[in-house]
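Everything below belongs to model_39.txt, which stores compact mmCIF, C-alpha atoms.
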# COMPACT_ATOMS: atom_id res chain seq x y z
CA MET A 975 -38.47 -77.99 41.39
CA PRO A 976 -34.93 -78.92 40.24
CA ALA A 977 -33.30 -76.37 37.97
CA PRO A 978 -32.23 -77.50 34.51
CA ILE A 979 -28.59 -76.72 33.88
CA LEU A 980 -26.56 -76.23 30.72
CA LYS A 981 -26.04 -79.82 29.59
CA PRO A 982 -29.69 -80.72 28.78
CA PHE A 983 -29.96 -77.65 26.56
CA THR A 984 -26.85 -78.01 24.42
CA ARG A 985 -28.89 -79.68 21.74
CA PHE A 986 -30.77 -76.37 21.16
CA GLY A 987 -29.30 -74.61 18.79
CA ALA A 988 -23.50 -60.23 24.29
CA LEU A 989 -24.38 -57.57 26.01
CA GLY A 990 -22.45 -56.71 22.85
CA LEU A 991 -20.00 -53.83 23.11
CA ALA A 992 -18.41 -51.95 20.18
CA LEU A 993 -14.73 -51.64 21.04
CA ALA A 994 -12.60 -50.19 18.27
CA LEU A 995 -9.03 -50.88 19.35
CA SER A 996 -5.81 -49.48 17.96
CA LEU A 997 -2.76 -51.62 18.74
CA GLY A 998 0.79 -50.43 18.68
CA ALA A 999 3.65 -52.53 17.42
CA VAL A 1000 4.62 -54.44 20.57
CA SER A 1001 6.71 -57.59 20.43
CA PRO A 1002 5.01 -60.67 21.92
CA ALA A 1003 7.74 -61.14 24.55
CA ALA A 1004 7.53 -57.51 25.69
CA ALA A 1005 3.73 -57.63 25.68
CA ASP A 1006 3.72 -60.77 27.85
CA ALA A 1007 6.14 -59.39 30.41
CA GLY A 1008 4.26 -56.10 30.55
CA PHE A 1009 0.95 -57.90 30.91
CA ARG A 1010 2.10 -59.86 33.93
CA ARG A 1011 3.41 -56.66 35.48
CA TRP A 1012 0.00 -55.08 34.86
CA ILE A 1013 -1.75 -57.96 36.64
CA ASP A 1014 0.64 -57.76 39.57
CA GLY A 1015 0.18 -54.00 39.80
CA PHE A 1016 -3.62 -54.14 39.60
CA GLU A 1017 -3.78 -56.29 42.73
CA LYS A 1018 -3.46 -53.18 44.92
CA THR A 1019 -6.50 -51.65 43.21
CA ALA A 1020 -8.48 -54.86 43.66
CA VAL A 1021 -7.57 -55.18 47.34
CA ALA A 1022 -8.53 -51.55 47.92
CA ALA A 1023 -11.93 -52.38 46.38
CA GLY A 1024 -12.46 -55.20 48.87
CA ILE A 1025 -10.98 -58.20 47.05
CA SER A 1026 -8.92 -60.54 49.20
CA PRO A 1027 -5.37 -61.24 47.98
CA ARG A 1028 -6.14 -64.95 48.11
CA VAL A 1029 -9.08 -64.59 45.69
CA TYR A 1030 -7.00 -62.40 43.38
CA GLU A 1031 -4.18 -64.91 43.28
CA ARG A 1032 -6.59 -67.81 42.62
CA VAL A 1033 -8.29 -65.98 39.76
CA PHE A 1034 -5.05 -64.99 38.03
CA ALA A 1035 -3.07 -68.16 38.69
CA GLY A 1036 -1.44 -69.17 35.41
CA VAL A 1037 -2.62 -66.08 33.48
CA ASP A 1038 0.68 -64.89 32.01
CA GLU A 1039 -0.18 -63.45 28.63
CA PRO A 1040 -2.95 -61.38 27.01
CA ASP A 1041 -5.57 -63.06 24.84
CA LEU A 1042 -4.97 -61.47 21.44
CA ASP A 1043 -8.11 -63.10 20.06
CA VAL A 1044 -10.03 -60.71 22.31
CA ILE A 1045 -8.57 -57.82 20.34
CA GLN A 1046 -9.47 -59.40 17.00
CA LYS A 1047 -13.07 -60.01 18.08
CA ALA A 1048 -13.38 -56.48 19.42
CA ARG A 1049 -12.76 -55.11 15.95
CA PHE A 1050 -15.77 -56.79 14.35
CA GLN A 1051 -19.29 -56.17 15.58
CA PRO A 1052 -22.08 -57.52 13.31
CA GLU A 1053 -24.61 -54.99 14.63
CA PHE A 1054 -22.58 -52.30 12.86
CA LYS A 1055 -21.29 -54.15 9.77
CA ASP A 1056 -23.99 -56.55 8.55
CA THR A 1057 -26.91 -55.41 6.43
CA ILE A 1058 -30.21 -55.66 8.27
CA TRP A 1059 -31.28 -58.69 6.20
CA ASP A 1060 -27.99 -60.56 6.70
CA TYR A 1061 -28.18 -59.86 10.43
CA LEU A 1062 -31.75 -61.16 10.66
CA ASP A 1063 -31.18 -64.16 8.38
CA ASN A 1064 -28.44 -65.41 10.68
CA ARG A 1065 -30.56 -65.05 13.81
CA VAL A 1066 -34.23 -65.40 12.91
CA ASN A 1067 -34.71 -68.54 10.86
CA ASP A 1068 -36.49 -71.89 10.93
CA GLU A 1069 -33.88 -73.42 13.24
CA SER A 1070 -33.86 -70.65 15.86
CA VAL A 1071 -37.67 -70.64 15.84
CA ALA A 1072 -37.94 -74.43 16.23
CA ASP A 1073 -35.33 -74.45 19.01
CA GLY A 1074 -37.23 -71.70 20.81
CA ARG A 1075 -40.51 -73.58 20.63
CA ARG A 1076 -38.83 -76.74 21.88
CA ALA A 1077 -37.29 -74.86 24.79
CA GLU A 1078 -40.62 -73.23 25.55
CA ALA A 1079 -42.28 -76.62 25.91
CA GLN A 1080 -39.53 -78.06 28.09
CA LEU A 1081 -39.25 -75.00 30.33
CA LYS A 1082 -42.95 -74.22 30.66
CA PRO A 1083 -43.15 -74.50 34.49
CA TRP A 1084 -40.21 -72.16 34.91
CA LEU A 1085 -41.40 -69.76 32.23
CA ASP A 1086 -44.82 -69.60 33.92
CA ARG A 1087 -43.17 -68.57 37.18
CA ILE A 1088 -40.78 -66.08 35.57
CA GLU A 1089 -43.53 -64.48 33.52
CA GLN A 1090 -45.78 -64.19 36.57
CA ARG A 1091 -43.03 -62.67 38.72
CA PHE A 1092 -41.59 -60.18 36.23
CA GLY A 1093 -44.38 -59.61 33.70
CA VAL A 1094 -42.05 -60.09 30.72
CA ASP A 1095 -43.27 -62.16 27.78
CA ARG A 1096 -41.63 -65.60 27.73
CA ASP A 1097 -41.04 -65.51 24.00
CA VAL A 1098 -38.99 -62.35 24.35
CA LEU A 1099 -36.82 -64.07 26.97
CA LEU A 1100 -36.36 -67.10 24.73
CA ALA A 1101 -35.42 -64.82 21.83
CA ILE A 1102 -32.79 -63.09 23.98
CA TRP A 1103 -31.44 -66.49 25.03
CA SER A 1104 -31.18 -67.47 21.37
CA MET A 1105 -29.49 -64.21 20.39
CA GLU A 1106 -27.02 -64.22 23.25
CA SER A 1107 -25.86 -67.86 23.42
CA ASN A 1108 -27.82 -69.87 20.84
CA TYR A 1109 -29.88 -71.46 23.63
CA GLY A 1110 -26.72 -72.27 25.59
CA ARG A 1111 -24.76 -73.93 22.80
CA ILE A 1112 -22.09 -71.24 22.72
CA LEU A 1113 -21.20 -71.88 26.36
CA GLU A 1114 -19.63 -75.19 25.39
CA ARG A 1115 -17.53 -73.75 22.55
CA THR A 1116 -13.94 -73.37 23.67
CA ASP A 1117 -13.20 -71.25 20.58
CA VAL A 1118 -15.70 -68.65 21.80
CA MET A 1119 -15.71 -68.81 25.59
CA LYS A 1120 -12.94 -66.88 27.30
CA SER A 1121 -11.57 -66.52 30.79
CA VAL A 1122 -13.37 -63.35 31.85
CA PRO A 1123 -10.48 -62.09 34.01
CA GLN A 1124 -7.96 -62.67 31.22
CA ALA A 1125 -10.21 -61.04 28.61
CA LEU A 1126 -10.91 -57.96 30.73
CA ALA A 1127 -7.27 -57.66 31.76
CA THR A 1128 -6.32 -57.84 28.07
CA LEU A 1129 -8.67 -54.98 27.25
CA ALA A 1130 -7.49 -52.94 30.23
CA TYR A 1131 -3.84 -53.51 29.32
CA MET A 1132 -4.01 -53.06 25.54
CA ASP A 1133 -6.64 -50.38 25.02
CA PRO A 1134 -6.18 -47.15 26.97
CA LYS A 1135 -9.49 -45.79 25.69
CA ARG A 1136 -11.40 -48.71 27.25
CA ALA A 1137 -9.20 -49.31 30.27
CA LYS A 1138 -11.63 -47.70 32.73
CA PHE A 1139 -14.51 -49.93 31.59
CA ALA A 1140 -12.37 -53.08 31.69
CA ARG A 1141 -10.99 -52.33 35.16
CA GLN A 1142 -14.49 -51.66 36.50
CA GLN A 1143 -15.79 -54.93 35.08
CA LEU A 1144 -12.78 -56.84 36.37
CA ILE A 1145 -13.37 -55.66 39.93
CA ALA A 1146 -17.03 -56.68 39.63
CA ALA A 1147 -16.04 -60.10 38.27
CA LEU A 1148 -13.66 -60.65 41.18
CA LYS A 1149 -16.43 -59.75 43.63
CA ILE A 1150 -18.71 -62.35 42.00
CA VAL A 1151 -16.05 -65.02 42.62
CA GLN A 1152 -15.44 -63.79 46.15
CA ALA A 1153 -19.17 -64.04 46.91
CA GLY A 1154 -19.05 -67.72 45.95
CA HIS A 1155 -21.43 -67.45 43.01
CA VAL A 1156 -18.93 -68.97 40.56
CA THR A 1157 -15.48 -70.55 40.72
CA PRO A 1158 -12.50 -68.90 39.00
CA GLU A 1159 -12.57 -71.75 36.48
CA GLY A 1160 -16.28 -71.21 35.85
CA LEU A 1161 -15.90 -67.46 35.30
CA THR A 1162 -16.14 -67.66 31.53
CA GLY A 1163 -17.69 -65.35 29.00
CA SER A 1164 -17.29 -63.50 25.73
CA TRP A 1165 -14.31 -61.46 24.56
CA ALA A 1166 -15.90 -58.41 26.27
CA GLY A 1167 -16.64 -60.18 29.55
CA ALA A 1168 -20.33 -60.93 28.93
CA MET A 1169 -21.24 -64.05 30.89
CA GLY A 1170 -23.64 -66.96 30.93
CA HIS A 1171 -26.66 -68.04 28.94
CA THR A 1172 -27.97 -64.49 28.66
CA GLN A 1173 -24.59 -62.72 28.48
CA PHE A 1174 -24.36 -60.22 31.33
CA ILE A 1175 -21.27 -58.13 31.93
CA PRO A 1176 -20.18 -58.33 35.58
CA THR A 1177 -21.68 -55.01 36.74
CA SER A 1178 -25.00 -55.89 35.10
CA TYR A 1179 -24.89 -59.27 36.83
CA GLN A 1180 -24.46 -57.43 40.13
CA ALA A 1181 -27.43 -55.17 39.33
CA TYR A 1182 -29.90 -57.73 37.98
CA ALA A 1183 -28.88 -61.32 38.84
CA VAL A 1184 -31.73 -63.48 40.18
CA ASP A 1185 -31.56 -66.78 42.06
CA MET A 1186 -34.72 -68.16 40.46
CA ASP A 1187 -34.09 -71.81 41.31
CA GLY A 1188 -33.48 -71.01 44.98
CA ASN A 1189 -30.11 -72.73 45.44
CA GLY A 1190 -28.50 -69.66 47.00
CA HIS A 1191 -26.54 -68.47 43.95
CA PRO A 1192 -27.67 -66.60 40.83
CA ASP A 1193 -26.00 -69.00 38.41
CA ILE A 1194 -26.40 -67.63 34.89
CA TRP A 1195 -23.72 -70.05 33.62
CA ARG A 1196 -25.47 -73.34 34.47
CA SER A 1197 -29.04 -72.55 35.59
CA VAL A 1198 -31.31 -71.63 32.71
CA PRO A 1199 -34.09 -70.41 35.06
CA ASP A 1200 -31.62 -68.08 36.79
CA ALA A 1201 -30.38 -66.75 33.44
CA LEU A 1202 -33.86 -66.14 32.00
CA ALA A 1203 -35.09 -64.56 35.24
CA THR A 1204 -32.04 -62.28 35.26
CA ALA A 1205 -32.88 -61.13 31.74
CA ALA A 1206 -36.49 -60.58 32.77
CA ASN A 1207 -35.36 -58.55 35.78
CA LEU A 1208 -33.26 -56.27 33.57
CA LEU A 1209 -36.19 -55.62 31.25
CA LYS A 1210 -38.63 -55.05 34.10
CA LYS A 1211 -36.36 -52.61 35.92
CA ASN A 1212 -35.86 -50.67 32.70
CA GLY A 1213 -39.57 -50.11 32.17
CA TRP A 1214 -40.97 -53.16 30.36
CA GLN A 1215 -44.70 -52.77 29.75
CA SER A 1216 -46.41 -56.07 30.50
CA GLY A 1217 -48.88 -57.38 27.96
CA LYS A 1218 -47.72 -55.03 25.20
CA THR A 1219 -45.74 -55.62 22.05
CA TRP A 1220 -42.38 -54.22 20.96
CA GLY A 1221 -43.80 -52.68 17.79
CA TYR A 1222 -45.77 -53.13 14.59
CA GLU A 1223 -44.80 -53.72 11.00
CA ILE A 1224 -46.64 -51.06 9.02
CA VAL A 1225 -47.35 -49.98 5.48
CA ALA A 1226 -46.21 -46.38 5.24
CA PRO A 1227 -47.73 -43.76 2.91
CA ALA A 1228 -45.65 -42.05 0.21
CA GLY A 1229 -43.11 -39.61 1.58
CA ALA A 1230 -43.01 -41.28 5.00
CA ALA A 1231 -39.22 -41.38 5.06
CA LYS A 1232 -39.08 -37.72 6.07
CA LEU A 1233 -40.85 -38.66 9.32
CA LYS A 1234 -38.35 -41.40 10.20
CA GLY A 1235 -37.39 -41.28 13.87
CA SER A 1236 -40.25 -39.03 14.93
CA ASN A 1237 -42.58 -39.95 17.77
CA ARG A 1238 -46.39 -39.80 17.82
CA THR A 1239 -49.28 -41.75 19.26
CA LEU A 1240 -50.42 -44.72 17.22
CA ALA A 1241 -53.72 -42.94 16.65
CA ALA A 1242 -51.85 -39.95 15.24
CA TRP A 1243 -49.81 -42.17 12.94
CA GLU A 1244 -53.03 -43.77 11.74
CA LYS A 1245 -54.47 -40.37 10.86
CA LEU A 1246 -51.38 -39.74 8.73
CA GLY A 1247 -52.15 -42.88 6.68
CA PHE A 1248 -49.97 -45.46 8.42
CA ARG A 1249 -51.55 -48.92 8.57
CA ARG A 1250 -50.51 -52.25 10.08
CA ALA A 1251 -49.09 -54.63 7.48
CA ASN A 1252 -51.48 -57.39 8.57
CA GLY A 1253 -54.53 -55.14 8.16
CA ARG A 1254 -55.54 -55.22 11.82
CA PRO A 1255 -56.18 -52.06 13.86
CA PHE A 1256 -53.69 -50.73 16.40
CA PRO A 1257 -54.90 -52.07 19.77
CA ASN A 1258 -53.61 -49.19 21.91
CA GLY A 1259 -54.06 -45.97 20.00
CA GLY A 1260 -52.80 -43.81 22.84
CA ASP A 1261 -49.38 -45.48 22.99
CA ASN A 1262 -46.47 -43.53 21.59
CA ALA A 1263 -44.37 -45.03 18.81
CA ASN A 1264 -41.32 -44.12 16.73
CA LEU A 1265 -41.12 -44.65 12.99
CA VAL A 1266 -38.17 -46.94 12.17
CA MET A 1267 -37.23 -47.78 8.57
CA PRO A 1268 -34.10 -49.97 8.78
CA ALA A 1269 -33.59 -50.27 5.01
CA GLY A 1270 -35.03 -46.92 3.97
CA ALA A 1271 -38.18 -46.32 1.96
CA ASN A 1272 -37.92 -49.58 -0.01
CA GLY A 1273 -37.97 -52.05 2.88
CA PRO A 1274 -40.20 -53.00 5.80
CA ALA A 1275 -41.17 -50.14 8.10
CA PHE A 1276 -42.13 -50.27 11.77
CA LEU A 1277 -43.76 -48.24 14.50
CA MET A 1278 -41.71 -49.10 17.58
CA THR A 1279 -43.30 -48.82 21.01
CA LYS A 1280 -41.59 -48.47 24.40
CA ASN A 1281 -40.72 -52.16 24.75
CA PHE A 1282 -38.50 -51.94 21.65
CA PHE A 1283 -36.38 -49.34 23.41
CA VAL A 1284 -36.37 -51.38 26.61
CA ILE A 1285 -34.88 -54.28 24.62
CA LYS A 1286 -32.20 -51.84 23.47
CA ARG A 1287 -31.09 -51.52 27.09
CA TYR A 1288 -29.80 -55.06 26.56
CA ASN A 1289 -27.93 -54.12 23.41
CA ASN A 1290 -28.18 -50.58 22.07
CA ALA A 1291 -28.64 -51.47 18.40
CA ASP A 1292 -31.86 -51.28 16.37
CA LYS A 1293 -30.88 -54.48 14.52
CA TYR A 1294 -30.57 -56.38 17.78
CA ALA A 1295 -33.89 -55.18 19.20
CA LEU A 1296 -35.70 -55.86 15.92
CA ALA A 1297 -34.24 -59.38 15.77
CA VAL A 1298 -35.30 -60.11 19.36
CA GLY A 1299 -38.82 -58.82 18.75
CA HIS A 1300 -39.25 -60.63 15.45
CA LEU A 1301 -37.85 -63.92 16.76
CA ALA A 1302 -40.14 -63.68 19.79
CA ASP A 1303 -43.13 -63.24 17.50
CA ARG A 1304 -42.05 -66.19 15.36
CA ILE A 1305 -41.57 -68.44 18.42
CA GLY A 1306 -45.06 -67.42 19.50
CA GLY A 1307 -46.57 -68.54 16.20
CA GLY A 1308 -46.27 -65.41 14.07
CA GLY A 1309 -45.03 -65.32 10.51
CA ASP A 1310 -42.34 -63.49 8.59
CA PHE A 1311 -42.54 -59.81 7.74
CA ALA A 1312 -45.16 -58.99 5.13
CA GLN A 1313 -42.76 -56.82 3.14
CA SER A 1314 -39.47 -57.93 1.63
CA TRP A 1315 -36.03 -56.46 2.23
CA PRO A 1316 -34.40 -54.76 -0.78
CA ARG A 1317 -31.75 -57.45 -1.15
CA GLY A 1318 -31.45 -57.44 -4.91
CA TYR A 1319 -31.27 -61.26 -4.93
CA THR A 1320 -33.29 -64.31 -3.89
CA PRO A 1321 -32.11 -65.54 -0.47
CA LEU A 1322 -31.45 -69.12 0.56
CA SER A 1323 -33.30 -71.20 3.11
CA MET A 1324 -31.36 -72.44 6.13
CA GLN A 1325 -30.86 -75.88 4.57
CA GLU A 1326 -29.68 -74.29 1.33
CA ARG A 1327 -27.13 -72.23 3.26
CA TYR A 1328 -25.76 -75.44 4.78
CA GLU A 1329 -25.47 -76.89 1.28
CA MET A 1330 -23.77 -73.76 -0.04
CA GLN A 1331 -21.12 -73.89 2.70
CA GLN A 1332 -20.54 -77.58 2.08
CA ARG A 1333 -20.06 -77.01 -1.66
CA LEU A 1334 -17.70 -74.08 -1.06
CA THR A 1335 -15.72 -76.38 1.26
CA GLN A 1336 -15.50 -78.98 -1.50
CA HIS A 1337 -14.05 -76.28 -3.77
CA GLY A 1338 -11.39 -75.56 -1.16
CA LEU A 1339 -12.66 -72.04 -0.55
CA TYR A 1340 -14.33 -72.33 2.87
CA ASP A 1341 -12.83 -73.84 6.00
CA GLY A 1342 -15.25 -72.54 8.62
CA LYS A 1343 -18.04 -74.22 10.53
CA ILE A 1344 -20.96 -75.61 8.51
CA ASP A 1345 -23.63 -73.75 10.44
CA GLY A 1346 -25.76 -71.99 7.83
CA LYS A 1347 -24.70 -68.59 9.12
CA ILE A 1348 -23.28 -66.25 6.53
CA GLY A 1349 -20.42 -64.37 8.17
CA GLU A 1350 -17.17 -62.92 6.92
CA GLY A 1351 -15.70 -66.35 6.19
CA SER A 1352 -18.65 -67.39 4.03
CA LYS A 1353 -18.73 -64.06 2.21
CA THR A 1354 -15.00 -64.26 1.46
CA ALA A 1355 -15.45 -67.78 0.07
CA ILE A 1356 -18.45 -66.71 -2.01
CA THR A 1357 -16.52 -63.79 -3.47
CA ALA A 1358 -13.56 -66.04 -4.29
CA TYR A 1359 -15.84 -68.50 -6.07
CA GLN A 1360 -17.54 -65.72 -8.01
CA ARG A 1361 -14.15 -64.42 -9.07
CA ARG A 1362 -13.09 -67.92 -10.12
CA THR A 1363 -16.22 -68.42 -12.24
CA GLY A 1364 -16.24 -64.92 -13.74
CA VAL A 1365 -19.54 -63.68 -12.34
CA ALA A 1366 -20.26 -60.47 -10.46
CA GLU A 1367 -18.46 -60.46 -7.09
CA ASP A 1368 -21.24 -59.36 -4.74
CA GLY A 1369 -20.57 -61.86 -1.91
CA ASN A 1370 -24.27 -62.66 -1.56
CA ALA A 1371 -25.59 -66.09 -0.53
CA SER A 1372 -28.17 -66.18 -3.31
CA LYS A 1373 -30.18 -68.79 -5.20
CA ALA A 1374 -28.18 -67.91 -8.30
CA LEU A 1375 -24.93 -68.68 -6.49
CA LEU A 1376 -26.18 -72.04 -5.21
CA ASP A 1377 -27.44 -72.96 -8.69
CA LEU A 1378 -23.97 -72.18 -10.07
CA LEU A 1379 -22.32 -74.30 -7.37
CA ARG A 1380 -24.66 -77.18 -8.18
CA ARG A 1381 -23.75 -77.00 -11.87
CA HIS A 1382 -20.05 -77.16 -11.06

Please express the file's structure as structure tokens.
Amino acid sequence: MPAPILKPFTRFGALGLALALSLGAVSPAAADAGFRRWIDGFEKTAVAAGISPRVYERVFAGVDEPDLDVIQKARFQPEFKDTIWDYLDNRVNDESVADGRRAEAQLKPWLDRIEQRFGVDRDVLLAIWSMESNYGRILERTDVMKSVPQALATLAYMDPKRAKFARQQLIAALKIVQAGHVTPEGLTGSWAGAMGHTQFIPTSYQAYAVDMDGNGHPDIWRSVPDALATAANLLKKNGWQSGKTWGYEIVAPAGAAKLKGSNRTLAAWEKLGFRRANGRPFPNGGDNANLVMPAGANGPAFLMTKNFFVIKRYNNADKYALAVGHLADRIGGGGDFAQSWPRGYTPLSMQERYEMQQRLTQHGLYDGKIDGKIGEGSKTAITAYQRRTGVAEDGNASKALLDLLRRH
């Protein structure tokens, strides 16, 4: 069975790391000269770790300066800055669901085999693919994809607190090239060195990479089956429970907030008055679950089972794991959460967010990509427009804001 590669999937639609970097005042010329000296000096470490000088020279040929965009991206991590509803709106929406269902239909033979081999639900794997690379679209964006060696060398050179991590990942990346799994030119990834469709840092690639298509190389950059199987392997090896969910949206009794974070069996939670939001019984009363209330007492509440915490081995953030679980449910035919987030405003649909960005562009306030995702650029433009029109500057992509834009 031939393996689909990146190109057929670009019409669809990291392991994320929080790196808070403090940069000293270094002139660009001095930084460049020092960076090249760092690369030259690190060769001894690489050779001692088993890297051939020839491979090292090939990988770093023409790399003469640090990538300062890596440092800028390291300072902003949406898992820690976005509200839970902004984070979910940008990742779990009609487009990401439709793309996931389309991919599921096209990849069914491969998903059947991956699911049978690893026991991980296909919709969870598709949700991870969506979260990590927008079903492969990001891999073709030159403004996002970095040279992994350059990015890791930049982190090692410019951030003493993270130098050990970056050096370790750089050695692993060089070993991946030396093994013939990817060319130096193909060794691309995120600002933190996360690679391929499902965004694995080099040491995680070494631990979990799977050659699902049988061509002799675990190719997470071009082979979608390899990438999805690698994600499944990570989840399986970290304790994924086959045939079970990640958690349940629940209706919590009064005063439940004081129990947030505690762990009990589902049967015990039920005795305390916790009920599923859809009215159905808990299917496995003996399973343990943690109470998670991402927005406090006034928003949706969840009882999270073991698979939720296995997803967090991919990215150790509750927002991330909740988004993966919810998107997987939506791809599989489920609906939105029964309870609303305490936004304080009426949100926009995906198409309305496109329209809002287009109108802000027409006002000369937004120059980013028209993608329906409300990030820092959109929020800055919204706030500027609100200031211009004399309304409250909350930065929210709301129905009220779009109505105002339409009137003007």

#### Entry: Atomic separation - atom CA of A:Lys1373 relative to atom CA of A:Ala1358, Å
16.9 Å

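Pairwise distance (atom CA of A:Met1278, atom CA of A:Thr1204) equals 24.1 Å.
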
If we count only C-alpha atoms and set the cut-off at 8 Å, which residues sit around stretch 1075-1087 of chain A, ignoring sequence neighbours fewer than 2 positions away in its own chain? Please answer as a compact mmCIF listing (two decimals) with C-alpha atoms, keeping the file's coordinate frame.
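Output contents, as saved in out.txt:
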# COMPACT_ATOMS: atom_id res chain seq x y z
CA PHE A 986 -30.77 -76.37 21.16
CA VAL A 1071 -37.67 -70.64 15.84
CA ALA A 1072 -37.94 -74.43 16.23
CA ASP A 1073 -35.33 -74.45 19.01
CA GLU A 1089 -43.53 -64.48 33.52
CA GLN A 1090 -45.78 -64.19 36.57
CA ARG A 1091 -43.03 -62.67 38.72
CA ARG A 1096 -41.63 -65.60 27.73
CA ASP A 1097 -41.04 -65.51 24.00
CA LEU A 1100 -36.36 -67.10 24.73
CA PRO A 1199 -34.09 -70.41 35.06
CA ILE A 1305 -41.57 -68.44 18.42
CA GLY A 1306 -45.06 -67.42 19.50

Emit as JSON the padded axis-aligned box for all listed atoms of stretch 1209-1222 of chain A, 3 Å per side, with centre and edge lengths in Å to one decimal.
{"center_x": -42.4, "center_y": -53.7, "center_z": 25.3, "size_x": 19.0, "size_y": 13.3, "size_z": 27.3}

### Task
Give me, please, the distance in Å between atom CA of A:Leu1129 and atom CA of A:Trp1012, quoted to one decimal.
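That distance, rounded to one decimal, is 11.5 Å.
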
### Query
Counting only C-alpha atoms, which of A:Ala1230, A:Val1156, A:Ala1242, A:Gly1307 gets nearest to A:Ala1271?
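Using only C-alpha atoms, A:Ala1271 sits closest to A:Ala1230.
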
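Residue nearest A:Glu1326, chosen from A:Phe1283, A:Tyr1294, A:Ser1372, A:Val1098 and counting all atoms listed in the file: A:Ser1372.
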
### Nearest-residue call for A:Ala1275, choices A:Gly1160, A:Gly1221, A:Pro1176, A:Gly1308, using only C-alpha atoms
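Nearest to A:Ala1275: A:Gly1221.
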
### Message
Taking (-14.2, -57.2, 36.2) in the coordinates of the supplied file, I want to know which residues reach to within 10 Å of it, counting all atoms listed in the file; could you give the answer as a ChimeraX atom specification?
### Response
/A:1020,1122-1127,1130,1139-1150,1167,1175-1177

### Selection as a ChimeraX atom specification: residues within 12 Å of (-26.3, -69.1, 33.9), counting only C-alpha atoms
/A:977-981,983,1103,1106-1107,1109-1110,1113,1155-1156,1160-1163,1168-1174,1179,1183-1187,1191-1205

### Message
Which residues are close to A:Pro1316, i.e. within 7 Å by all atoms listed in the file, leaving aside same-chain residues fewer than 2 positions away? Reply as a list in words.
### Response
Asn1272, Gly1273, Ser1314 and Gly1318 of chain A

### Task
Counting only C-alpha atoms, figure out which residue out of A:Asp1341, A:Asp1014, A:Asp1006, A:Glu1350 gets nearest to A:Ala1371.
A:Glu1350

### Query
Which of these residues is nearest to A:Met1324, using all atoms listed in the file: A:Ala1297, A:Ile1344, A:Leu1042, A:Ala1035?
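Of A:Ala1297, A:Ile1344, A:Leu1042, A:Ala1035, the one nearest A:Met1324, counting all atoms listed in the file, is A:Ile1344.
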
### Task
Give the answer as one residue: which of A:Val1225, A:Ala1101, A:Ala1291, A:Ala1048 has the shortest atom-to-atom distance to A:Val1066, using only C-alpha atoms?
A:Ala1101
